[in-house]
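Asker: Would you mind keeping the following structure in view while I ask a few things?
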Amino acid sequence: MIERTARSLLQEYDSTAADCFWLFFGGCLVFFMQAGFALLEAGSIRAKNVKNILIKNCLDACIGAILWWACGYSFAFGVEGDSPNKFIGGKDFFSALDKPDSTTYYAFWFFQWAFAATAATIVSGAVAERCALSGYAAYTFFITAFIYPVVVHWTWSSEGWLTDGDIGPGFLDFAGSGVVHMTGGGAALVGAYFLGPRIGKFGADGKPVDIPGHSAVLQCLGTFILWFGWYGFNCCSTGAWGDMALATKCAVTTTMAAAAGGISALACEVFMGKQADLPPILNGILAGLVSITAGCNVTEPWSAFVLGIIGGIVYTFSCKLLLALQIDDPLGAAPVHFFCGAWGVIGTGLFASKRYNGLLTGGSTGGKQLGIQCLGVLAIAAWTCIVSGILFFALKTLGYLRVDAETEEKGMDESKHGGTAYKA
Amino acid sequence: MIERTARSLLQEYDSTAADCFWLFFGGCLVFFMQAGFALLEAGSIRAKNVKNILIKNCLDACIGAILWWACGYSFAFGVEGDSPNKFIGGKDFFSALDKPDSTTYYAFWFFQWAFAATAATIVSGAVAERCALSGYAAYTFFITAFIYPVVVHWTWSSEGWLTDGDIGPGFLDFAGSGVVHMTGGGAALVGAYFLGPRIGKFGADGKPVDIPGHSAVLQCLGTFILWFGWYGFNCCSTGAWGDMALATKCAVTTTMAAAAGGISALACEVFMGKQADLPPILNGILAGLVSITAGCNVTEPWSAFVLGIIGGIVYTFSCKLLLALQIDDPLGAAPVHFFCGAWGVIGTGLFASKRYNGLLTGGSTGGKQLGIQCLGVLAIAAWTCIVSGILFFALKTLGYLRVDAETEEKGMDESKHGGTAYKA
Amino acid sequence: MIERTARSLLQEDSTAADCFWLFFGGCLVFFMQAGFALLEAGSIRAKNVKNILIKNCLDACIGEILWWACGYSFAFGVEGDSPNKFIGGKDFFSALDKPDSTTYYAFWFFQWAFAATAATIVSGAVAERCALSGYAAYTFFITAFIYPVVVHWTWSSEGWLTDGDIGPGFLDFAGSGVVHMTGGGAALVGAYFLGPRIGKFGADGKPVDIPGHSAVLQCLGTFILWFGWYGFNCCSTGAWGDMALATKCAVTTTMAAAAGGISALACEVFMGKQADLPPILNGILAGLVSITAGCNVTEPWSAFVLGIIGGIVYTFSCKLLLALQIDDPLGAAPVHFFCGAWGVIGTGLFASKRYNGLLTGGSTGGKQLGIQCLGVLAIAAWTCIVSGILFFTLKSLGMLRVAAEVEEEGLDGSKHGGTAYKA
């Protein structure tokens, strides 16, 4: 009786504050990844377009916050209570409803905004160096206000049709290999397709021409910032202070996958006869991180290692696939986020520990979990690619999508943004 | 009785450790803003003066720590107990008094040092590219040791004449739009005035000449780092773990204002017929952040949005004002910190929620809170501008303030710091 | 009885908070990898930047895999039945079952970040002429063996130097010796066996200044390191409950960093040079390394003193290296090895009375100082001798240094597909 009273007092006193902090901490780290994306993207393109991509990154964060407030959060998490909608939320637009003083609402809002900003900013890499600012802003509006929140509602709200646990079929995507990375990466892929390749990317014979980025230093710093922020992305997805031991296990699995992905992608390059270079290691690290994001909480260090190794390989070969399809993705955004995101979700169905019914770890339900994972991959891929496809096609038809050839050759900074990024 | 015992045990056990952590966490994030300032400043000036400004930023942090230890903290927070001094503190110089083992003293010292370092480093942006290192070091000494701590004592100590709450008249400046940003920004304005404009900034006809910064990438990364650190600046100002729900609401209001400020300043530029460029978005984000710093804990997401929108406009027009007055502020430090700082304080008097008597939200005391806010703005502005004015005038008269024309034309790095910042 | 029940329930809460504290520290210390990468890139010539960034990434990646395989076990695998004071030997590949509620993973993560720090120190001293294969081989050994052994001696519960009741009471709270001397000693030895860069010393033996290509990268790198150091030093309390002490470490750490920066700058100016940025940056790092051993047992004033002297130690060990014709492009050995040793010794001098600092009225005379010196000698001998064997072997096998032609052209152009900077 004494124990029960004391437990409930502990619960009441501490839990809200600690849970709020944990989500806030995660939100800060994931927000900082915006800087990582900005630098990685800037470093991977030519100097003449750097201001343009930085402007796009800033707009993603700013416009994203306003849209997340207006309707994004509500579409994602506004659960209606009386008549649950498995497709999209519809409550508490503009955070207008009263909130109690002691609430985790704001912490959770902040944490989830940072995730939404991540999904949105993935697209800018694939459409870099030739996408018009107005077209990009229009697209960012839709992904943050609608495309992404709907996927979140399916998977992470308490009433979505894919929601894991008792309600739905048990789709496992802990921190978003599918929800965030496939959604952003699929839109990136479709955007790069409708945009068409940069002038000079493919020769007359269709052979790809390497257009190296202007600064390996920025690529490297960007990647390290992303890796650092990813600890908030993955570990804080436990959502509550009380599961800290599990959260710190996620730190270990996340690190294993990042390391494995970097080594794996580098090894692929060297085996294919190229010199050891930096961008493959960096993108390999990111590939590993995306690959573990779905299952960081249900894997062991050894299986995280395996997920990362395969992630590096998936990255390498999906880069080749895109080039074979004559799709120009300057950042490799689709290989890193879409293809490795899908691998992350599927791989979780293979390697989740026995308790979570991974196919290869002796789970008791055979391939059922794997089947649910594949269902999720197909659903997310179809949703993001079809809706993005409609949007990009409309923007292209209206002439908003691509800058004219003269602007592209000269560089967008000089033509559209008052001058180059670098001066004396 | 069981409940009472348990509650008091909880209190004893948890509170100091968690409060210490919360202040420490905030101190780390706010300290990291030093890197943000360094990069923003470096990117906004010409390459030939980059080492000089980085040296100034490092000296701000180093000299600042030593002075904060020697007397800064004591002037700010050294409350004398027996005969309280409403103007300046006077106890515990060099942290020499014994402290109990379990104390939040050090955590609070650390958190407040990071704030002091922020106030000091604001000045370097406005005096960039022509201020002599010795003059700058002398000025930094005074702002960290005296000018800033006095303002802190008025507002954030338990005995200051402006202190909010039961003691004083209830001045609301939660994280320092006035205390930090107006103090630093006012000194910056006065410094830029006494220093005079850079050679070539104003043509013979008085028309301003644009002197663009040498790297948009550094400006962008610097701004993102500042935004990231600002979550510690604003949210950790609750000062205690127990108020975490409120702290995370501050994260949301902070984000809304930053986003609104960025969009607002960009819109101003575009409406005035200029191309969409990066520096206005960046400074707009900072303007929004400064604008919400006073009232992040007493506003709602919608009012934070409004404060940010107006902050972007205040920034834009105060830039024009400075140019009209022939004052050259290479970073826009005074527009961002002084003018938006004042707006942040005044805006809090307008938009603070009903409970805090905001004029426009139905507060019961009419314009009284707004009146107190204005009183604080005037007091801080007068203090910082007059004392800084005396100091800068003295330094100028003694010939310590500005480098000679030849050094300025050649660049301070080559003349004074052993060579340029960038080499092969 | 009520009190006992409540206290034991509170204890349960303790695991979550302790896990978080170690995790938080691990994140900050991991972020220092970015700091090292930028500081190193900025301090060398542009033609070798990709090479050093590749080395930094490989340190993190390879280090992780090795820490998992055997590094953590050699460091912390305490055998229980027959304790080994030299090296651990349990739980390779983290293969043993762990309970659900455990601080194991948080601690593993925190310690991996430290190991990655020790390993990456070396890349600065061997920059601009060390072959990638030789460097990878070396990194393998330092993360898998050299560093974990030192950790076992000092930070495991059964090492021969372990502080507290078990061993003689060696004080090295966050690793001036364990991390910085180990990495810095390897760096010194590596720079020695590698030989100086072409053109570093003139025909007369006089050193030629080879400035780094970007002061901005050096500066940002240093600030990131300083930021991460708060996790490095403060989170070394290892438990949430000691938070008041941890935040005192934040103050001592800050005092030493500031003092080191001012001190090194002052040395330069007194010696007649212009005020320049790299001395301030390396001075800040020297101060940070100097306080790392004793941040928890010093006061702000003694931290200040440790930092001032750290800046002086840094300045003069730079001169020593040049006099010995050793080329260390980052000053890695001055900052980490020499200041690391000073940090350990200085703790024996300035640790507060309770911890028997010689100059603060401690009751055991110079005994603590003696133990500190013993630790310095042991760590220096271990790291320098084993690294020396390894570097000598790599050199004999021709795996250590790139060809002169490659070095002149730049490692990026020759070996990594092109330069770091393009249009």
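Ligands are numbered from 1 in the order shown, chains are lettered A, B, ... in the order of the structure tokens, and residues start at 1 in each chain.
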Would you kindly report the residues of chain B within 7 Å of chain C, using only C-alpha atoms, as a PDB file with N, CA and C atoms, in the first residue's frame?

Answerer:
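Just written: part-v7.pdb:
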ATOM      1  N   ILE B   2       1.870   9.351   4.635  1.00  0.00           N
ATOM      2  CA  ILE B   2       2.715   8.644   3.682  1.00  0.00           C
ATOM      3  C   ILE B   2       3.019   9.576   2.522  1.00  0.00           C
ATOM      4  N   ALA B   6       6.681  10.951   1.329  1.00  0.00           N
ATOM      5  CA  ALA B   6       7.159  10.642  -0.015  1.00  0.00           C
ATOM      6  C   ALA B   6       7.423  11.917  -0.803  1.00  0.00           C
ATOM      7  N   ALA B  17      19.651  17.727  -8.541  1.00  0.00           N
ATOM      8  CA  ALA B  17      20.314  17.090  -9.679  1.00  0.00           C
ATOM      9  C   ALA B  17      19.649  17.508 -10.986  1.00  0.00           C
ATOM     10  N   CYS B  20      20.200  21.246 -11.732  1.00  0.00           N
ATOM     11  CA  CYS B  20      21.577  21.442 -12.175  1.00  0.00           C
ATOM     12  C   CYS B  20      21.729  21.017 -13.631  1.00  0.00           C
ATOM     13  N   PHE B  21      21.188  19.835 -13.933  1.00  0.00           N
ATOM     14  CA  PHE B  21      21.307  19.364 -15.306  1.00  0.00           C
ATOM     15  C   PHE B  21      20.671  20.345 -16.261  1.00  0.00           C
ATOM     16  N   PHE B  24      22.789  23.315 -16.840  1.00  0.00           N
ATOM     17  CA  PHE B  24      24.004  22.899 -17.533  1.00  0.00           C
ATOM     18  C   PHE B  24      23.722  22.691 -19.015  1.00  0.00           C
ATOM     19  N   CYS B  28      25.426  24.691 -22.138  1.00  0.00           N
ATOM     20  CA  CYS B  28      26.119  24.090 -23.282  1.00  0.00           C
ATOM     21  C   CYS B  28      25.574  24.625 -24.600  1.00  0.00           C
ATOM     22  N   PHE B  32      27.446  27.106 -27.311  1.00  0.00           N
ATOM     23  CA  PHE B  32      27.662  26.724 -28.706  1.00  0.00           C
ATOM     24  C   PHE B  32      27.290  27.862 -29.656  1.00  0.00           C
ATOM     25  N   ALA B  35      30.028  29.730 -31.485  1.00  0.00           N
ATOM     26  CA  ALA B  35      30.440  29.264 -32.815  1.00  0.00           C
ATOM     27  C   ALA B  35      29.525  29.874 -33.883  1.00  0.00           C
ATOM     28  N   LYS B  51      40.282  36.504 -40.029  1.00  0.00           N
ATOM     29  CA  LYS B  51      41.019  36.078 -38.826  1.00  0.00           C
ATOM     30  C   LYS B  51      40.790  37.068 -37.699  1.00  0.00           C
ATOM     31  N   ILE B  55      39.443  36.055 -34.028  1.00  0.00           N
ATOM     32  CA  ILE B  55      40.224  36.315 -32.822  1.00  0.00           C
ATOM     33  C   ILE B  55      39.359  37.058 -31.802  1.00  0.00           C
ATOM     34  N   CYS B  62      36.989  33.830 -23.925  1.00  0.00           N
ATOM     35  CA  CYS B  62      38.041  33.594 -22.933  1.00  0.00           C
ATOM     36  C   CYS B  62      38.102  34.705 -21.884  1.00  0.00           C
ATOM     37  N   ILE B  63      38.253  35.943 -22.350  1.00  0.00           N
ATOM     38  CA  ILE B  63      38.306  37.063 -21.409  1.00  0.00           C
ATOM     39  C   ILE B  63      36.996  37.126 -20.627  1.00  0.00           C
ATOM     40  N   ALA B  65      35.041  34.718 -19.662  1.00  0.00           N
ATOM     41  CA  ALA B  65      34.971  33.736 -18.581  1.00  0.00           C
ATOM     42  C   ALA B  65      35.748  34.232 -17.361  1.00  0.00           C
ATOM     43  N   ILE B  66      36.923  34.781 -17.611  1.00  0.00           N
ATOM     44  CA  ILE B  66      37.769  35.215 -16.501  1.00  0.00           C
ATOM     45  C   ILE B  66      37.136  36.391 -15.765  1.00  0.00           C
ATOM     46  N   SER B 102      25.945  20.034  -2.400  1.00  0.00           N
ATOM     47  CA  SER B 102      24.772  19.921  -3.254  1.00  0.00           C
ATOM     48  C   SER B 102      24.225  21.320  -3.514  1.00  0.00           C
ATOM     49  N   THR B 103      24.618  21.897  -4.635  1.00  0.00           N
ATOM     50  CA  THR B 103      24.246  23.275  -4.903  1.00  0.00           C
ATOM     51  C   THR B 103      24.007  23.467  -6.391  1.00  0.00           C
ATOM     52  N   THR B 104      23.099  24.370  -6.730  1.00  0.00           N
ATOM     53  CA  THR B 104      22.904  24.702  -8.134  1.00  0.00           C
ATOM     54  C   THR B 104      23.759  25.901  -8.527  1.00  0.00           C
ATOM     55  N   TYR B 106      26.992  26.357  -9.311  1.00  0.00           N
ATOM     56  CA  TYR B 106      27.891  26.251 -10.460  1.00  0.00           C
ATOM     57  C   TYR B 106      27.122  26.127 -11.769  1.00  0.00           C
ATOM     58  N   ALA B 107      26.048  25.372 -11.734  1.00  0.00           N
ATOM     59  CA  ALA B 107      25.237  25.215 -12.934  1.00  0.00           C
ATOM     60  C   ALA B 107      24.694  26.569 -13.361  1.00  0.00           C
ATOM     61  N   PHE B 110      27.460  28.843 -14.767  1.00  0.00           N
ATOM     62  CA  PHE B 110      27.813  28.410 -16.114  1.00  0.00           C
ATOM     63  C   PHE B 110      26.783  28.900 -17.133  1.00  0.00           C
ATOM     64  N   LYS B 416      48.026  42.621 -39.426  1.00  0.00           N
ATOM     65  CA  LYS B 416      48.131  42.502 -37.974  1.00  0.00           C
ATOM     66  C   LYS B 416      48.161  41.071 -37.452  1.00  0.00           C
ATOM     67  N   HIS B 417      47.794  40.103 -38.291  1.00  0.00           N
ATOM     68  CA  HIS B 417      47.632  38.757 -37.756  1.00  0.00           C
ATOM     69  C   HIS B 417      48.399  37.725 -38.546  1.00  0.00           C
ATOM     70  N   GLY B 418      49.503  38.127 -39.115  1.00  0.00           N
ATOM     71  CA  GLY B 418      50.406  37.150 -39.678  1.00  0.00           C
ATOM     72  C   GLY B 418      50.017  36.596 -41.027  1.00  0.00           C
ATOM     73  N   ALA B 421      43.356  34.563 -43.838  1.00  0.00           N
ATOM     74  CA  ALA B 421      42.681  33.406 -43.253  1.00  0.00           C
ATOM     75  C   ALA B 421      42.699  32.205 -44.189  1.00  0.00           C
ATOM     76  N   TYR B 422      42.691  32.478 -45.477  1.00  0.00           N
ATOM     77  CA  TYR B 422      42.642  31.396 -46.453  1.00  0.00           C
ATOM     78  C   TYR B 422      43.950  31.341 -47.227  1.00  0.00           C
ATOM     79  N   LYS B 423      44.471  30.133 -47.342  1.00  0.00           N
ATOM     80  CA  LYS B 423      45.699  29.958 -48.128  1.00  0.00           C
ATOM     81  C   LYS B 423      45.526  28.722 -49.004  1.00  0.00           C
ATOM     82  N   ALA B 424      46.575  28.392 -49.774  1.00  0.00           N
ATOM     83  CA  ALA B 424      46.497  27.212 -50.643  1.00  0.00           C
ATOM     84  C   ALA B 424      46.334  25.936 -49.828  1.00  0.00           C
TER      85      ALA B 424
END

Asker: Residues near Thr120 in chain C, anyone? I mean within 8 Å using only C-alpha atoms, not counting same-chain ones fewer than 4 positions away, as JSON, numbers by chain.

Answerer: {"C": [33, 36, 56, 59, 116, 124, 183]}

Asker: Okay, now the selection with N, CA, C and O atoms, as an mmCIF file, in the first residue's frame?

Answerer:
data_model
loop_
_atom_site.group_PDB
_atom_site.id
_atom_site.type_symbol
_atom_site.label_atom_id
_atom_site.label_comp_id
_atom_site.auth_asym_id
_atom_site.auth_seq_id
_atom_site.Cartn_x
_atom_site.Cartn_y
_atom_site.Cartn_z
ATOM 1 N N GLN C 33 34.107 14.520 -32.973
ATOM 2 C CA GLN C 33 34.718 13.981 -34.191
ATOM 3 C C GLN C 33 34.643 15.029 -35.311
ATOM 4 O O GLN C 33 35.592 15.176 -36.092
ATOM 5 N N PHE C 36 37.341 17.642 -34.541
ATOM 6 C CA PHE C 36 38.681 17.205 -34.935
ATOM 7 C C PHE C 36 38.847 17.283 -36.453
ATOM 8 O O PHE C 36 39.873 17.734 -36.954
ATOM 9 N N ASN C 56 39.452 10.667 -40.775
ATOM 10 C CA ASN C 56 38.570 10.946 -39.640
ATOM 11 C C ASN C 56 37.313 10.083 -39.679
ATOM 12 O O ASN C 56 36.868 9.572 -38.654
ATOM 13 N N ASP C 59 38.252 6.520 -38.747
ATOM 14 C CA ASP C 59 38.453 6.388 -37.299
ATOM 15 C C ASP C 59 37.131 6.112 -36.603
ATOM 16 O O ASP C 59 37.050 5.242 -35.738
ATOM 17 N N ALA C 116 37.035 6.791 -29.752
ATOM 18 C CA ALA C 116 37.145 7.440 -31.058
ATOM 19 C C ALA C 116 37.980 8.717 -30.952
ATOM 20 O O ALA C 116 38.696 9.082 -31.882
ATOM 21 N N GLY C 124 46.167 13.937 -36.866
ATOM 22 C CA GLY C 124 46.694 15.291 -37.029
ATOM 23 C C GLY C 124 48.203 15.326 -37.152
ATOM 24 O O GLY C 124 48.750 16.097 -37.939
ATOM 25 N N GLY C 183 46.600 8.940 -27.006
ATOM 26 C CA GLY C 183 46.529 9.379 -28.402
ATOM 27 C C GLY C 183 47.705 10.269 -28.769
ATOM 28 O O GLY C 183 48.301 10.135 -29.842
#

Asker: Point out the residue among A:Leu195, A:Ile313, A:Val336, A:Met412 with the least atom-to-atom distance to chain B, counting only C-alpha atoms.

Answerer: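 Of the candidates, the smallest distance to chain B is held by A:Met412.
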
Asker: Residues of chain B near chain A: apply a cut-off of 8 Å, count only C-alpha atoms, and supply the list as a PyMOL selection string.

Answerer: chain B and resi 2-3+6-7+10+46-48+212-217+220-221+224-225+228+231+241-246+248-249+251-252+255-256+258-260+262-263+275-278+281-282+301-302

Asker: Distance CA of Ile62 in chain C-CA of Thr253 in chain A, one decimal place?

Answerer: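 A separation of 14.9 Å between them.
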
Asker: Distance CA of Ala303 in chain C-CA of Thr253 in chain C, one decimal place?

Answerer: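 Interatomic distance here is 7.2 Å.
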
Asker: Extract, using only C-alpha atoms, all DNA, RNA and protein residues at most 8 Å from range 316-322 of chain B, discarding same-chain residues fewer than 6 positions from it, and format them as a list in words.

Answerer: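 In the requested format, the answer is Ala265, Cys268, Asp328, Asp329, Gly332, Pro335 and Phe339 of chain B.
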